[in-house]
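Text of query_24.csv, listed as CSV, N, CA and C atoms:
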chain,number,residue,atom,x,y,z
V,1,MET,N,-5.3,-1.5,13.6
V,1,MET,CA,-4.6,-1.1,12.5
V,1,MET,C,-3.4,-2.0,12.3
V,2,SER,N,-3.1,-2.4,11.1
V,2,SER,CA,-1.9,-3.2,10.7
V,2,SER,C,-1.0,-2.3,9.8
V,3,VAL,N,0.3,-2.4,10.1
V,3,VAL,CA,1.2,-1.7,9.3
V,3,VAL,C,2.3,-2.6,8.8
V,4,ILE,N,2.6,-2.6,7.5
V,4,ILE,CA,3.6,-3.5,6.9
V,4,ILE,C,4.6,-2.5,6.2
V,5,ARG,N,5.9,-2.8,6.5
V,5,ARG,CA,6.9,-2.0,5.8
V,5,ARG,C,7.8,-2.9,5.0
V,6,GLN,N,8.2,-2.6,3.8
V,6,GLN,CA,9.1,-3.4,3.0
V,6,GLN,C,10.1,-2.4,2.4
V,7,ASP,N,11.4,-2.8,2.7
V,7,ASP,CA,12.5,-2.1,2.0
V,7,ASP,C,13.0,-3.0,0.9
V,8,LEU,N,13.0,-2.6,-0.3
V,8,LEU,CA,13.3,-3.5,-1.4
V,8,LEU,C,14.3,-2.9,-2.4
V,9,GLN,N,15.1,-3.7,-3.0
V,9,GLN,CA,16.0,-3.3,-4.1
V,9,GLN,C,15.4,-4.0,-5.3
V,10,VAL,N,14.9,-3.2,-6.2
V,10,VAL,CA,14.3,-3.7,-7.5
V,10,VAL,C,15.4,-3.7,-8.5
V,11,PRO,N,15.8,-4.9,-9.0
V,11,PRO,CA,16.9,-5.0,-10.0
V,11,PRO,C,16.6,-4.2,-11.3
V,12,ILE,N,17.6,-3.9,-12.0
V,12,ILE,CA,17.5,-3.2,-13.3
V,12,ILE,C,16.5,-3.9,-14.2
V,13,GLY,N,15.4,-3.2,-14.5
V,13,GLY,CA,14.4,-3.8,-15.4
V,13,GLY,C,13.5,-4.9,-14.7
V,14,GLY,N,13.7,-5.0,-13.4
V,14,GLY,CA,13.0,-6.1,-12.6
V,14,GLY,C,11.6,-5.7,-12.1
V,15,THR,N,10.9,-6.7,-11.7
V,15,THR,CA,9.6,-6.5,-11.1
V,15,THR,C,9.3,-7.4,-10.0
V,16,PHE,N,8.7,-6.9,-8.9
V,16,PHE,CA,8.1,-7.7,-7.9
V,16,PHE,C,6.6,-7.8,-8.2
V,17,GLU,N,6.1,-9.0,-8.5
V,17,GLU,CA,4.7,-9.1,-8.9
V,17,GLU,C,3.8,-8.7,-7.7
V,18,ASN,N,4.1,-9.1,-6.5
V,18,ASN,CA,3.3,-8.8,-5.3
V,18,ASN,C,4.2,-8.8,-4.1
V,19,ILE,N,4.5,-7.6,-3.6
V,19,ILE,CA,5.5,-7.5,-2.5
V,19,ILE,C,4.9,-8.1,-1.2
V,20,LEU,N,3.5,-8.3,-1.2
V,20,LEU,CA,2.9,-8.9,0.0
V,20,LEU,C,2.7,-10.4,-0.2
V,21,ALA,N,3.1,-11.0,-1.3
V,21,ALA,CA,2.9,-12.4,-1.5
V,21,ALA,C,3.4,-13.3,-0.4
V,22,GLY,N,2.6,-14.2,0.1
V,22,GLY,CA,2.9,-15.1,1.2
V,22,GLY,C,2.8,-14.4,2.6
V,23,SER,N,2.5,-13.1,2.7
V,23,SER,CA,2.4,-12.5,3.9
V,23,SER,C,1.0,-12.8,4.6
V,24,LYS,N,0.9,-12.7,5.9
V,24,LYS,CA,-0.4,-12.9,6.5
V,24,LYS,C,-1.3,-11.7,6.2
V,25,PHE,N,-0.8,-10.7,5.6
V,25,PHE,CA,-1.6,-9.5,5.3
V,25,PHE,C,-2.0,-9.5,3.8
V,26,GLU,N,-1.7,-10.5,3.1
V,26,GLU,CA,-2.0,-10.5,1.6
V,26,GLU,C,-3.5,-10.5,1.4
V,27,PHE,N,-4.3,-11.1,2.2
V,27,PHE,CA,-5.7,-11.1,2.1
V,27,PHE,C,-6.4,-10.4,3.2
V,28,LEU,N,-7.4,-9.6,3.0
V,28,LEU,CA,-8.0,-8.9,4.0
V,28,LEU,C,-8.9,-9.8,4.8
V,29,SER,N,-8.8,-9.8,6.1
V,29,SER,CA,-9.7,-10.6,7.0
V,29,SER,C,-11.1,-10.0,7.2
V,30,ARG,N,-11.2,-8.7,7.1
V,30,ARG,CA,-12.4,-7.9,7.3
V,30,ARG,C,-12.5,-6.8,6.3
V,31,PRO,N,-13.6,-6.2,6.1
V,31,PRO,CA,-13.6,-5.0,5.2
V,31,PRO,C,-12.7,-3.9,5.8
V,32,SER,N,-11.8,-3.4,5.0
V,32,SER,CA,-10.7,-2.5,5.5
V,32,SER,C,-10.4,-1.4,4.5
V,33,ALA,N,-9.9,-0.3,5.0
V,33,ALA,CA,-9.3,0.8,4.2
V,33,ALA,C,-7.8,0.5,4.1
V,34,VAL,N,-7.3,0.5,2.9
V,34,VAL,CA,-5.9,0.3,2.6
V,34,VAL,C,-5.2,1.5,2.1
V,35,ARG,N,-4.1,1.9,2.7
V,35,ARG,CA,-3.4,3.1,2.2
V,35,ARG,C,-1.9,2.6,1.9
V,36,VAL,N,-1.4,3.1,0.8
V,36,VAL,CA,0.0,2.7,0.4
V,36,VAL,C,0.8,4.0,0.3
V,37,PHE,N,1.9,4.0,1.0
V,37,PHE,CA,2.9,5.1,1.0
V,37,PHE,C,4.2,4.5,0.4
V,38,ALA,N,4.9,5.3,-0.4
V,38,ALA,CA,6.2,4.8,-1.0
V,38,ALA,C,7.1,5.9,-1.3
V,39,ALA,N,8.4,5.5,-1.2
V,39,ALA,CA,9.5,6.5,-1.6
V,39,ALA,C,10.7,5.7,-2.2
V,40,GLN,N,11.5,6.4,-2.9
V,40,GLN,CA,12.7,5.8,-3.5
V,40,GLN,C,13.8,6.7,-3.4
V,41,ASP,N,15.0,6.2,-3.5
V,41,ASP,CA,16.2,7.1,-3.4
V,41,ASP,C,16.2,8.0,-4.6
V,42,VAL,N,16.8,9.2,-4.4
V,42,VAL,CA,16.9,10.2,-5.5
V,42,VAL,C,17.7,9.6,-6.6
V,43,GLY,N,17.2,9.7,-7.9
V,43,GLY,CA,17.8,9.2,-9.0
V,43,GLY,C,17.3,7.8,-9.5
V,44,ASP,N,16.6,7.1,-8.6
V,44,ASP,CA,16.0,5.8,-9.0
V,44,ASP,C,14.7,6.1,-9.6
V,45,LEU,N,14.3,5.1,-10.5
V,45,LEU,CA,13.0,5.2,-11.1
V,45,LEU,C,12.2,3.9,-10.9
V,46,ALA,N,11.2,4.0,-10.2
V,46,ALA,CA,10.3,2.8,-9.9
V,46,ALA,C,8.9,3.2,-10.0
V,47,GLN,N,8.0,2.3,-10.3
V,47,GLN,CA,6.6,2.6,-10.4
V,47,GLN,C,5.8,1.5,-9.6
V,48,LEU,N,4.6,1.8,-9.1
V,48,LEU,CA,3.9,0.9,-8.3
V,48,LEU,C,2.4,0.8,-8.9
V,49,ASP,N,1.9,-0.4,-8.8
V,49,ASP,CA,0.5,-0.7,-9.2
V,49,ASP,C,-0.2,-1.3,-7.9
V,50,LEU,N,-1.4,-0.9,-7.7
V,50,LEU,CA,-2.2,-1.5,-6.6
V,50,LEU,C,-3.5,-2.1,-7.1
V,51,THR,N,-3.7,-3.4,-6.9
V,51,THR,CA,-5.0,-4.0,-7.2
V,51,THR,C,-5.5,-4.6,-5.9
V,52,LEU,N,-6.8,-4.3,-5.6
V,52,LEU,CA,-7.5,-4.7,-4.4
V,52,LEU,C,-8.7,-5.6,-4.8
V,53,GLY,N,-8.6,-6.9,-4.5
V,53,GLY,CA,-9.6,-7.8,-5.0
V,53,GLY,C,-9.4,-7.9,-6.5
V,54,ASN,N,-10.5,-7.6,-7.3
V,54,ASN,CA,-10.4,-7.6,-8.7
V,54,ASN,C,-10.5,-6.2,-9.3
V,55,VAL,N,-10.2,-5.2,-8.5
V,55,VAL,CA,-10.2,-3.8,-8.9
V,55,VAL,C,-8.8,-3.2,-8.9
V,56,VAL,N,-8.4,-2.7,-10.1
V,56,VAL,CA,-7.2,-2.0,-10.2
V,56,VAL,C,-7.4,-0.6,-9.7
V,57,VAL,N,-6.7,-0.3,-8.6
V,57,VAL,CA,-6.9,1.0,-7.9
V,57,VAL,C,-5.9,2.1,-8.4
V,58,GLY,N,-4.7,1.7,-8.7
V,58,GLY,CA,-3.7,2.6,-9.2
V,58,GLY,C,-2.7,1.8,-10.1
V,59,GLU,N,-2.3,2.5,-11.2
V,59,GLU,CA,-1.4,1.9,-12.1
V,59,GLU,C,-0.3,2.9,-12.5
V,60,ASN,N,0.9,2.4,-12.6
V,60,ASN,CA,2.1,3.2,-13.1
V,60,ASN,C,2.3,4.4,-12.2
V,61,LEU,N,2.1,4.3,-10.9
V,61,LEU,CA,2.3,5.4,-10.0
V,61,LEU,C,3.8,5.6,-9.7
V,62,PRO,N,4.3,6.8,-10.0
V,62,PRO,CA,5.7,7.0,-9.7
V,62,PRO,C,5.9,7.2,-8.2
V,63,LEU,N,7.0,6.7,-7.6
V,63,LEU,CA,7.3,6.9,-6.2
V,63,LEU,C,8.0,8.2,-6.0
V,64,ASN,N,7.7,8.9,-4.9
V,64,ASN,CA,8.4,10.1,-4.6
V,64,ASN,C,9.9,9.9,-4.3
V,65,GLN,N,10.7,10.9,-4.6
V,65,GLN,CA,12.2,10.7,-4.4
V,65,GLN,C,12.6,11.3,-3.1
V,66,ARG,N,13.4,10.6,-2.4
V,66,ARG,CA,13.9,11.0,-1.0
V,66,ARG,C,15.4,10.7,-1.0
V,67,VAL,N,16.0,11.4,0.0
V,67,VAL,CA,17.4,11.1,0.3
V,67,VAL,C,17.6,9.6,0.7
V,68,ALA,N,18.7,9.0,0.3
V,68,ALA,CA,18.9,7.6,0.6
V,68,ALA,C,18.4,7.2,2.0
V,69,GLY,N,17.6,6.2,2.0
V,69,GLY,CA,17.1,5.6,3.3
V,69,GLY,C,16.0,6.3,4.0
V,70,GLU,N,15.5,7.5,3.5
V,70,GLU,CA,14.4,8.2,4.1
V,70,GLU,C,13.1,7.8,3.5
V,71,GLY,N,12.1,8.0,4.3
V,71,GLY,CA,10.7,7.8,3.9
V,71,GLY,C,10.3,6.3,3.9
V,72,PRO,N,9.1,6.0,3.6
V,72,PRO,CA,8.1,7.0,3.2
V,72,PRO,C,7.5,7.8,4.4
V,73,SER,N,7.0,9.0,4.1
V,73,SER,CA,6.4,9.8,5.1
V,73,SER,C,4.9,9.7,4.9
V,74,ARG,N,4.2,9.5,6.0
V,74,ARG,CA,2.7,9.4,5.9
V,74,ARG,C,2.1,10.7,5.6
V,75,THR,N,2.8,11.9,5.6
V,75,THR,CA,2.2,13.1,5.3
V,75,THR,C,2.4,13.5,3.8
V,76,ASP,N,3.5,13.0,3.2
V,76,ASP,CA,3.9,13.4,1.9
V,76,ASP,C,4.0,12.3,0.8
V,77,ASP,N,4.0,11.1,1.2
V,77,ASP,CA,4.3,10.0,0.2
V,77,ASP,C,3.1,9.0,0.0
V,78,MET,N,1.9,9.4,0.3
V,78,MET,CA,0.8,8.5,0.1
V,78,MET,C,0.5,8.4,-1.5
V,79,LEU,N,0.5,7.2,-2.0
V,79,LEU,CA,0.3,7.1,-3.4
V,79,LEU,C,-1.2,6.8,-3.7
V,80,VAL,N,-1.8,6.0,-2.9
V,80,VAL,CA,-3.2,5.5,-3.2
V,80,VAL,C,-3.8,5.0,-2.0
V,81,SER,N,-5.2,5.1,-2.0
V,81,SER,CA,-5.9,4.5,-0.9
V,81,SER,C,-7.2,3.9,-1.5
V,82,ALA,N,-7.7,2.9,-0.8
V,82,ALA,CA,-8.9,2.2,-1.3
V,82,ALA,C,-9.6,1.4,-0.2
V,83,VAL,N,-10.8,1.0,-0.4
V,83,VAL,CA,-11.5,0.1,0.6
V,83,VAL,C,-11.8,-1.2,-0.1
V,84,GLY,N,-11.4,-2.3,0.7
V,84,GLY,CA,-11.6,-3.6,0.2
V,84,GLY,C,-12.5,-4.4,1.1
V,85,ALA,N,-13.1,-5.5,0.5
V,85,ALA,CA,-14.0,-6.4,1.2
V,85,ALA,C,-13.2,-7.5,1.9
V,86,ALA,N,-13.8,-8.2,2.8
V,86,ALA,CA,-13.2,-9.4,3.5
V,86,ALA,C,-12.8,-10.4,2.4
V,87,GLY,N,-11.6,-10.9,2.4
V,87,GLY,CA,-11.2,-11.9,1.4
V,87,GLY,C,-10.5,-11.3,0.2
V,88,ASP,N,-10.6,-10.0,0.0
V,88,ASP,CA,-9.9,-9.3,-1.1
V,88,ASP,C,-8.4,-9.5,-1.0
V,89,ARG,N,-7.7,-9.7,-2.1
V,89,ARG,CA,-6.3,-9.8,-2.1
V,89,ARG,C,-5.7,-8.5,-2.4
V,90,ILE,N,-4.7,-8.1,-1.6
V,90,ILE,CA,-3.9,-6.9,-1.8
V,90,ILE,C,-2.7,-7.3,-2.7
V,91,GLN,N,-2.7,-6.7,-3.9
V,91,GLN,CA,-1.5,-7.0,-4.8
V,91,GLN,C,-0.8,-5.7,-5.1
V,92,ILE,N,0.4,-5.6,-4.7
V,92,ILE,CA,1.2,-4.4,-4.9
V,92,ILE,C,2.4,-4.8,-5.8
V,93,ARG,N,2.3,-4.3,-7.0
V,93,ARG,CA,3.3,-4.6,-8.0
V,93,ARG,C,4.3,-3.5,-8.1
V,94,LEU,N,5.6,-3.8,-8.0
V,94,LEU,CA,6.6,-2.8,-8.0
V,94,LEU,C,7.7,-3.1,-9.0
V,95,ARG,N,8.0,-2.1,-9.9
V,95,ARG,CA,9.0,-2.4,-10.9
V,95,ARG,C,9.9,-1.2,-11.2
V,96,GLU,N,11.1,-1.5,-11.5
V,96,GLU,CA,12.2,-0.6,-11.9
V,96,GLU,C,11.9,-0.2,-13.3
V,97,THR,N,11.9,1.1,-13.6
V,97,THR,CA,11.5,1.6,-15.0
V,97,THR,C,12.6,2.4,-15.6
V,98,GLY,N,13.7,2.7,-14.9
V,98,GLY,CA,14.8,3.5,-15.5
V,98,GLY,C,15.8,2.8,-16.3
V,99,GLY,N,16.0,1.5,-16.0
V,99,GLY,CA,16.9,0.7,-16.8
V,99,GLY,C,18.4,1.1,-16.6
V,100,ALA,N,18.7,1.9,-15.6
V,100,ALA,CA,20.1,2.3,-15.4
V,100,ALA,C,20.7,1.9,-14.0
V,101,ALA,N,19.8,1.7,-13.1
V,101,ALA,CA,20.3,1.5,-11.7
V,101,ALA,C,19.2,0.6,-10.9
V,102,VAL,N,19.7,-0.1,-9.9
V,102,VAL,CA,18.8,-0.8,-9.0
V,102,VAL,C,18.0,0.3,-8.3
V,103,ALA,N,16.7,0.1,-8.2
V,103,ALA,CA,15.8,1.0,-7.5
V,103,ALA,C,15.8,0.6,-6.0
V,104,GLU,N,16.2,1.5,-5.1
V,104,GLU,CA,16.1,1.4,-3.7
V,104,GLU,C,14.8,2.0,-3.2
V,105,THR,N,13.9,1.1,-2.8
V,105,THR,CA,12.5,1.6,-2.5
V,105,THR,C,12.1,1.2,-1.1
V,106,ARG,N,11.2,2.0,-0.6
V,106,ARG,CA,10.6,1.7,0.7
V,106,ARG,C,9.1,1.9,0.6
V,107,VAL,N,8.3,0.9,1.0
V,107,VAL,CA,6.9,0.9,0.9
V,107,VAL,C,6.3,0.6,2.2
V,108,LEU,N,5.3,1.4,2.6
V,108,LEU,CA,4.5,1.2,3.8
V,108,LEU,C,3.1,1.0,3.5
V,109,VAL,N,2.5,-0.1,4.0
V,109,VAL,CA,1.1,-0.4,3.7
V,109,VAL,C,0.3,-0.3,5.1
V,110,GLU,N,-0.7,0.4,5.1
V,110,GLU,CA,-1.5,0.6,6.3
V,110,GLU,C,-2.9,0.0,6.1
V,111,ILE,N,-3.3,-0.9,6.9
V,111,ILE,CA,-4.6,-1.5,6.8
V,111,ILE,C,-5.5,-1.2,8.0
V,112,ASN,N,-6.6,-0.5,7.8
V,112,ASN,CA,-7.5,-0.1,8.9
V,112,ASN,C,-8.8,-0.9,8.7
V,113,GLU,N,-9.1,-1.8,9.7
V,113,GLU,CA,-10.4,-2.5,9.6
V,113,GLU,C,-11.6,-1.5,9.8
V,114,LEU,N,-12.6,-1.7,9.0
V,114,LEU,CA,-13.8,-0.9,9.1
V,114,LEU,C,-14.8,-1.6,10.0
V,115,MET,N,-15.5,-0.8,10.8
V,115,MET,CA,-16.5,-1.4,11.7
V,115,MET,C,-17.9,-1.5,11.0

Rewrite the structure of this file - the entire thing - as structure tokens.
Amino acid sequence: MSVIRQDLQVPIGGTFENILAGSKFEFLSRPSAVRVFAAQDVGDLAQLDLTLGNVVVGENLPLNQRVAGEGPSRTDDMLVSAVGAAGDRIQIRLRETGGAAVAETRVLVEINELM
């Protein structure tokens, strides 16, 4: 199992096109189950999209709100899960949608290779 955690500040009206861009985990080396967990500080407004290979798995998913710095929790904050083939690109798009404050976000990506 591989686990990637990203703590990000999304600027007002800003977007991260792919939070895994350039990471060694951006492309699946084997068929794998991918789960994405995410949380944001109370009062922030951010949304997440997940594309796996050429399949849009989730779009405009709101992040759960947590006390500053907490989360994501693997029991409460899973947004989406999917299975991808070897070579599929994991693209996680994150954007601030409130327009009033920088979104303090935390994203956890879990990749489990399938036998």

Can I get the residues of segment 6-64 of chain V within 5 Å of segment 88-93 of chain V, each with the closest pair of atoms and their distance in Å to one decimal, using all atoms listed in the file, sorted chain first then ascending number, as a Markdown table?
| residue | atom | partner | partner_atom | distance |
| --- | --- | --- | --- | --- |
| V:Phe16 | C | V:Arg93 | CA | 4.6 |
| V:Glu17 | C | V:Arg93 | CA | 4.1 |
| V:Asn18 | CA | V:Ile92 | C | 4.1 |
| V:Ile19 | N | V:Ile92 | C | 4.1 |
| V:Glu26 | C | V:Ile90 | N | 4.0 |
| V:Phe27 | CA | V:Asp88 | C | 4.4 |
| V:Leu28 | N | V:Asp88 | C | 4.1 |
| V:Leu48 | CA | V:Arg93 | C | 4.4 |
| V:Asp49 | N | V:Arg93 | C | 4.0 |
| V:Leu50 | CA | V:Gln91 | C | 4.7 |
| V:Thr51 | C | V:Gln91 | N | 4.0 |
| V:Leu52 | CA | V:Arg89 | C | 4.7 |
| V:Gly53 | N | V:Arg89 | N | 3.8 |

Residues as selected, N, CA and C atoms, written as an mmCIF file, in the frame of the given file, can you do that?
data_model
loop_
_atom_site.group_PDB
_atom_site.id
_atom_site.type_symbol
_atom_site.label_atom_id
_atom_site.label_comp_id
_atom_site.auth_asym_id
_atom_site.auth_seq_id
_atom_site.Cartn_x
_atom_site.Cartn_y
_atom_site.Cartn_z
ATOM 1 N N PHE V 16 8.700 -6.900 -8.900
ATOM 2 C CA PHE V 16 8.100 -7.700 -7.900
ATOM 3 C C PHE V 16 6.600 -7.800 -8.200
ATOM 4 N N GLU V 17 6.100 -9.000 -8.500
ATOM 5 C CA GLU V 17 4.700 -9.100 -8.900
ATOM 6 C C GLU V 17 3.800 -8.700 -7.700
ATOM 7 N N ASN V 18 4.100 -9.100 -6.500
ATOM 8 C CA ASN V 18 3.300 -8.800 -5.300
ATOM 9 C C ASN V 18 4.200 -8.800 -4.100
ATOM 10 N N ILE V 19 4.500 -7.600 -3.600
ATOM 11 C CA ILE V 19 5.500 -7.500 -2.500
ATOM 12 C C ILE V 19 4.900 -8.100 -1.200
ATOM 13 N N GLU V 26 -1.700 -10.500 3.100
ATOM 14 C CA GLU V 26 -2.000 -10.500 1.600
ATOM 15 C C GLU V 26 -3.500 -10.500 1.400
ATOM 16 N N PHE V 27 -4.300 -11.100 2.200
ATOM 17 C CA PHE V 27 -5.700 -11.100 2.100
ATOM 18 C C PHE V 27 -6.400 -10.400 3.200
ATOM 19 N N LEU V 28 -7.400 -9.600 3.000
ATOM 20 C CA LEU V 28 -8.000 -8.900 4.000
ATOM 21 C C LEU V 28 -8.900 -9.800 4.800
ATOM 22 N N LEU V 48 4.600 1.800 -9.100
ATOM 23 C CA LEU V 48 3.900 0.900 -8.300
ATOM 24 C C LEU V 48 2.400 0.800 -8.900
ATOM 25 N N ASP V 49 1.900 -0.400 -8.800
ATOM 26 C CA ASP V 49 0.500 -0.700 -9.200
ATOM 27 C C ASP V 49 -0.200 -1.300 -7.900
ATOM 28 N N LEU V 50 -1.400 -0.900 -7.700
ATOM 29 C CA LEU V 50 -2.200 -1.500 -6.600
ATOM 30 C C LEU V 50 -3.500 -2.100 -7.100
ATOM 31 N N THR V 51 -3.700 -3.400 -6.900
ATOM 32 C CA THR V 51 -5.000 -4.000 -7.200
ATOM 33 C C THR V 51 -5.500 -4.600 -5.900
ATOM 34 N N LEU V 52 -6.800 -4.300 -5.600
ATOM 35 C CA LEU V 52 -7.500 -4.700 -4.400
ATOM 36 C C LEU V 52 -8.700 -5.600 -4.800
ATOM 37 N N GLY V 53 -8.600 -6.900 -4.500
ATOM 38 C CA GLY V 53 -9.600 -7.800 -5.000
ATOM 39 C C GLY V 53 -9.400 -7.900 -6.500
#

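Considering all atoms listed in the file, the residue among V:Ala85, V:Val80, V:Leu108, V:Met115 positioned nearest to Ala39 of chain V is V:Leu108.
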
Using only C-alpha atoms, the residue out of V:Asp44, V:Val56, V:Met1, V:Val107 with shortest distance to Arg74 of chain V is V:Val107

Go through V:Ala38, V:Ala68, V:Val102, V:Ile111 and flag the residue nearest Ile12 of chain V, using all atoms listed in the file for the distances. V:Val102

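The two atoms in question, atom C of Phe25 of chain V and atom CA of Gln6 of chain V, are spaced 12.7 Å apart.
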
Between V:Leu8, V:Asp76, V:Leu61, V:Val34, which is the closest to Glu104 of chain V once you count all atoms listed in the file?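 Of all the options, V:Leu8 lies closest to Glu104 of chain V.
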
Would you list the contacts of Gln65 of chain V as a list in words, taking every protein, DNA or RNA residue within 6.5 Å and counting all atoms listed in the file, but skipping same-chain residues closer than 4 positions in sequence? Ala39, Gln40, Asp41, Val42 and Gly43 of chain V

Please measure the separation of atom CA of Ile4 of chain V and atom CA of Glu110 of chain V, giving the value in Å to one decimal.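 Between atom CA of Ile4 of chain V and atom CA of Glu110 of chain V the gap works out to 6.6 Å.
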
Which is closer to Asn112 of chain V than all the others in V:Lys24, V:Arg95, V:Arg5, V:Arg35, using only C-alpha atoms? V:Arg35

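Here atom N of Gln9 of chain V stands at a distance of 19.4 Å from atom C of Leu79 of chain V.
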
In segment 13-106 of chain V, what's strand (DSSP E or B) per DSSP? Answer as an MDAnalysis selection string? chainID V and resid 15:16 27 32:41 46:52 55:62 64:66 78:84 89:96 103:106

Looking at all atoms listed in the file, which of V:Leu94, V:Val67, V:Leu45, V:Val57 is the one that sits closest to Thr15 of chain V? V:Leu94

Excluding Glu113 of chain V and any residue of its chain fewer than 4 positions from it, enumerate the residues within 7 Å of it, using all atoms listed in the file, and give them as a PyMOL selection string. chain V and resi 1-2+30-33

Go ahead and write the selection's residues with N, CA and C atoms as a compact mmCIF listing (two decimals), keeping the file's coordinate frame.
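Printed below is result.txt as written:
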# COMPACT_ATOMS: atom_id res chain seq x y z
N MET V 1 -5.30 -1.50 13.60
CA MET V 1 -4.60 -1.10 12.50
C MET V 1 -3.40 -2.00 12.30
N SER V 2 -3.10 -2.40 11.10
CA SER V 2 -1.90 -3.20 10.70
C SER V 2 -1.00 -2.30 9.80
N ARG V 30 -11.20 -8.70 7.10
CA ARG V 30 -12.40 -7.90 7.30
C ARG V 30 -12.50 -6.80 6.30
N PRO V 31 -13.60 -6.20 6.10
CA PRO V 31 -13.60 -5.00 5.20
C PRO V 31 -12.70 -3.90 5.80
N SER V 32 -11.80 -3.40 5.00
CA SER V 32 -10.70 -2.50 5.50
C SER V 32 -10.40 -1.40 4.50
N ALA V 33 -9.90 -0.30 5.00
CA ALA V 33 -9.30 0.80 4.20
C ALA V 33 -7.80 0.50 4.10
